[in-house]
Structure formats: structure tokens, C-alpha cells
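Colleague: There's a structure below that I have some questions on.
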Amino acid sequence: DNGFYSYLGSNCRLFGVNAYELNAPDPVKRQKAVEGRTWLKAQIEGKPVFIQSKGLEKYGRPLFIVWLNEADFGDASKSVNKALIDSGLAVAYMGELI
């Protein structure tokens with residue numbers, strides 16, 4: 001975010017995504033958390049991405065929507081966020097992505 005706040009190197013969240021927790025008591029949910037993290041890293045790590053900041057969440061972490069292709073930027077249905085939800089490795093936060 002090139003605005004008032006600097007988010008470089010800070011922890012962030014995917015906007016509209018409720019990922020499974022790595023420390024969940026349910027082993028199935030823990031496994032989905034590991035798979036989701038692995039999937040996300042494979043999608044974006046070391047690649048150019050296009051990010052739209054959606055502000056800060058209640059704990060002060062920046063919220064982002066991420067795209068792999070510049071041509072898809074702005075279309076939430078083509079975002080990495082939506083793809084993660086569609087994969088079954090996360091669920092929509094509050095019932096909807098955007």
C-alpha cells in the first residue's frame with residue numbers, strides 16, 4: 001500500500017477468505033490448513049502478483065485481494081482469493097468474498 005500506512009513486510013490476510021488454522025483441534029482442519037498454505041505458496045511465491053488493498057482488519061493487518069494476471073485485476077472471480085475458496089482449502093469470510 002503506497003498510501004499513509006506502509007505494509008511492506010507485514011503480516012497480511014486475504015480479503016474475504018477464512019482459512020483453516022494450523023493449530024485447529026480437528027486434524028482434518030489442520031490438514032486443510034497445511035494444504036491451503038502449500039497451495040497458496042505454490043501460486044504466488046516468487047511470481048509477480050497484482051494486489052488490491054482493502055484496508056485493515058480488526059487486528060490491524062492489511063487485507064488484500066491478489067491476482068496472478070494483470071488482465072484479471074479487479075475481477076474478484078479471477079482472484080487467488082476466490083481460487084483458494086473454490087479449492088475447498090478455505091471458506092468465504094462472512095459468507096462472501098466481496
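Residues in the C-alpha cells are numbered from 1 in each chain, the chains being A, B, ... in the order shown, and ligands are numbered from 1 in the order shown.
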Counting only C-alpha atoms, which residues in segment 40-60 of chain A sit no more than 10 Å from segment 77-91 of chain A? For each one, give the nearest pair of atoms and the distance in Å, sorted by chain then residue number, as JSON lines.
Modeller:
{"residue": "A:Leu40", "atom": "CA", "partner": "A:Leu84", "partner_atom": "CA", "distance": 7.4}
{"residue": "A:Gln43", "atom": "CA", "partner": "A:Val80", "partner_atom": "CA", "distance": 7.8}
{"residue": "A:Ile44", "atom": "CA", "partner": "A:Val80", "partner_atom": "CA", "distance": 8.6}
{"residue": "A:Val49", "atom": "CA", "partner": "A:Val80", "partner_atom": "CA", "distance": 9.6}
{"residue": "A:Phe50", "atom": "CA", "partner": "A:Ser79", "partner_atom": "CA", "distance": 9.4}
{"residue": "A:Ile51", "atom": "CA", "partner": "A:Ser79", "partner_atom": "CA", "distance": 9.5}
Colleague: Based on DSSP run over this structure's backbone, return all residues of segment 5-41 of chain A in strand (DSSP E), as a list in words.
Modeller: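 Residues meeting the strand (DSSP E) criterion: Arg13, Leu14, Val17, Asn18 and Ala19 of chain A.
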Colleague: Would you mind exporting the chosen residues as an mmCIF file, in the first residue's frame, restricted to all heavy atoms?
Modeller:
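See selection_5.cif below for the written result:
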data_model
loop_
_atom_site.group_PDB
_atom_site.id
_atom_site.type_symbol
_atom_site.label_atom_id
_atom_site.label_comp_id
_atom_site.auth_asym_id
_atom_site.auth_seq_id
_atom_site.Cartn_x
_atom_site.Cartn_y
_atom_site.Cartn_z
ATOM 1 N N ARG A 13 -3.688 -10.526 5.463
ATOM 2 C CA ARG A 13 -4.755 -11.511 5.276
ATOM 3 C C ARG A 13 -5.333 -11.348 3.882
ATOM 4 O O ARG A 13 -5.365 -10.253 3.337
ATOM 5 C CB ARG A 13 -5.871 -11.292 6.299
ATOM 6 C CG ARG A 13 -5.466 -11.659 7.710
ATOM 7 C CD ARG A 13 -6.663 -11.613 8.623
ATOM 8 N NE ARG A 13 -7.727 -12.444 8.117
ATOM 9 C CZ ARG A 13 -8.170 -13.556 8.696
ATOM 10 N NH1 ARG A 13 -7.634 -13.967 9.812
ATOM 11 N NH2 ARG A 13 -9.158 -14.244 8.181
ATOM 12 N N LEU A 14 -5.843 -12.460 3.371
ATOM 13 C CA LEU A 14 -6.545 -12.412 2.095
ATOM 14 C C LEU A 14 -7.969 -11.942 2.366
ATOM 15 O O LEU A 14 -8.687 -12.536 3.170
ATOM 16 C CB LEU A 14 -6.554 -13.790 1.435
ATOM 17 C CG LEU A 14 -5.196 -14.314 0.986
ATOM 18 C CD1 LEU A 14 -5.341 -15.734 0.477
ATOM 19 C CD2 LEU A 14 -4.598 -13.419 -0.079
ATOM 20 N N VAL A 17 -11.452 -14.183 2.817
ATOM 21 C CA VAL A 17 -11.066 -15.584 2.962
ATOM 22 C C VAL A 17 -10.915 -15.931 4.436
ATOM 23 O O VAL A 17 -10.251 -15.231 5.190
ATOM 24 C CB VAL A 17 -9.736 -15.868 2.234
ATOM 25 C CG1 VAL A 17 -9.271 -17.291 2.475
ATOM 26 C CG2 VAL A 17 -9.873 -15.586 0.747
ATOM 27 N N ASN A 18 -11.522 -17.029 4.836
ATOM 28 C CA ASN A 18 -11.354 -17.564 6.177
ATOM 29 C C ASN A 18 -10.638 -18.903 6.022
ATOM 30 O O ASN A 18 -11.258 -19.909 5.699
ATOM 31 C CB ASN A 18 -12.705 -17.725 6.877
ATOM 32 C CG ASN A 18 -12.557 -17.954 8.361
ATOM 33 O OD1 ASN A 18 -11.471 -17.849 8.904
ATOM 34 N ND2 ASN A 18 -13.657 -18.263 9.009
ATOM 35 N N ALA A 19 -9.324 -18.874 6.196
ATOM 36 C CA ALA A 19 -8.517 -20.082 6.035
ATOM 37 C C ALA A 19 -8.578 -20.918 7.305
ATOM 38 O O ALA A 19 -8.809 -20.399 8.399
ATOM 39 C CB ALA A 19 -7.074 -19.696 5.728
#
Colleague: For segment 52-61 of chain A, work out the shell of residues within 8 Å, counting only C-alpha atoms and skipping chain neighbours fewer than 6 positions away, then give it as a ChimeraX atom specification.
Modeller: /A:1,10-13,15,74
Colleague: For Val34 of chain A, list every protein, DNA or RNA residue within 12 Å, evaluated using only C-alpha atoms, and leave out those in the same chain fewer than 5 positions away; present the list as a ChimeraX atom specification.
Modeller: /A:19-24,27-29,39-41,89-90
Colleague: What parts of chain A does DSSP call helix (DSSP H, G or I)? I'd like the answer as number ranges by chain.
Modeller: A: 27-44, 70-72, 76-78, 80-86, 93-95
Colleague: Could the residues in this selection be saved with C-alpha atoms as a PDB file, in the first residue's frame?
Modeller:
ATOM      1  CA  PRO A  27      -6.967 -32.949  12.484  1.00  0.00           C
ATOM      2  CA  VAL A  28      -8.937 -32.650   9.220  1.00  0.00           C
ATOM      3  CA  LYS A  29      -8.982 -28.855   9.533  1.00  0.00           C
ATOM      4  CA  ARG A  30      -5.264 -28.831  10.432  1.00  0.00           C
ATOM      5  CA  GLN A  31      -4.526 -30.857   7.307  1.00  0.00           C
ATOM      6  CA  LYS A  32      -6.581 -28.430   5.190  1.00  0.00           C
ATOM      7  CA  ALA A  33      -4.608 -25.557   6.740  1.00  0.00           C
ATOM      8  CA  VAL A  34      -1.317 -27.137   5.700  1.00  0.00           C
ATOM      9  CA  GLU A  35      -2.647 -27.908   2.225  1.00  0.00           C
ATOM     10  CA  GLY A  36      -4.018 -24.359   1.871  1.00  0.00           C
ATOM     11  CA  ARG A  37      -0.704 -22.801   2.870  1.00  0.00           C
ATOM     12  CA  THR A  38       1.169 -25.076   0.453  1.00  0.00           C
ATOM     13  CA  TRP A  39      -1.296 -24.285  -2.346  1.00  0.00           C
ATOM     14  CA  LEU A  40      -1.053 -20.536  -1.776  1.00  0.00           C
ATOM     15  CA  LYS A  41       2.746 -20.574  -1.721  1.00  0.00           C
ATOM     16  CA  ALA A  42       2.801 -22.533  -4.988  1.00  0.00           C
ATOM     17  CA  GLN A  43       0.501 -19.955  -6.576  1.00  0.00           C
ATOM     18  CA  ILE A  44       2.305 -16.756  -5.603  1.00  0.00           C
ATOM     19  CA  GLU A  70      -2.810  -8.100 -14.743  1.00  0.00           C
ATOM     20  CA  ALA A  71      -5.688  -8.580 -17.212  1.00  0.00           C
ATOM     21  CA  ASP A  72      -7.789 -10.111 -14.406  1.00  0.00           C
ATOM     22  CA  ALA A  76     -12.784 -10.910  -7.860  1.00  0.00           C
ATOM     23  CA  SER A  77     -13.990 -14.092  -9.546  1.00  0.00           C
ATOM     24  CA  LYS A  78     -10.495 -14.498 -11.056  1.00  0.00           C
ATOM     25  CA  VAL A  80      -6.249 -16.024  -5.961  1.00  0.00           C
ATOM     26  CA  ASN A  81      -8.576 -15.402  -3.015  1.00  0.00           C
ATOM     27  CA  LYS A  82     -11.531 -16.901  -4.910  1.00  0.00           C
ATOM     28  CA  ALA A  83      -9.437 -19.788  -6.246  1.00  0.00           C
ATOM     29  CA  LEU A  84      -8.387 -20.714  -2.695  1.00  0.00           C
ATOM     30  CA  ILE A  85     -12.020 -20.797  -1.608  1.00  0.00           C
ATOM     31  CA  ASP A  86     -13.035 -22.758  -4.715  1.00  0.00           C
ATOM     32  CA  TYR A  93     -15.330 -14.943   5.279  1.00  0.00           C
ATOM     33  CA  MET A  94     -18.776 -13.848   6.409  1.00  0.00           C
ATOM     34  CA  GLY A  95     -20.338 -15.840   3.564  1.00  0.00           C
TER      35      GLY A  95
END
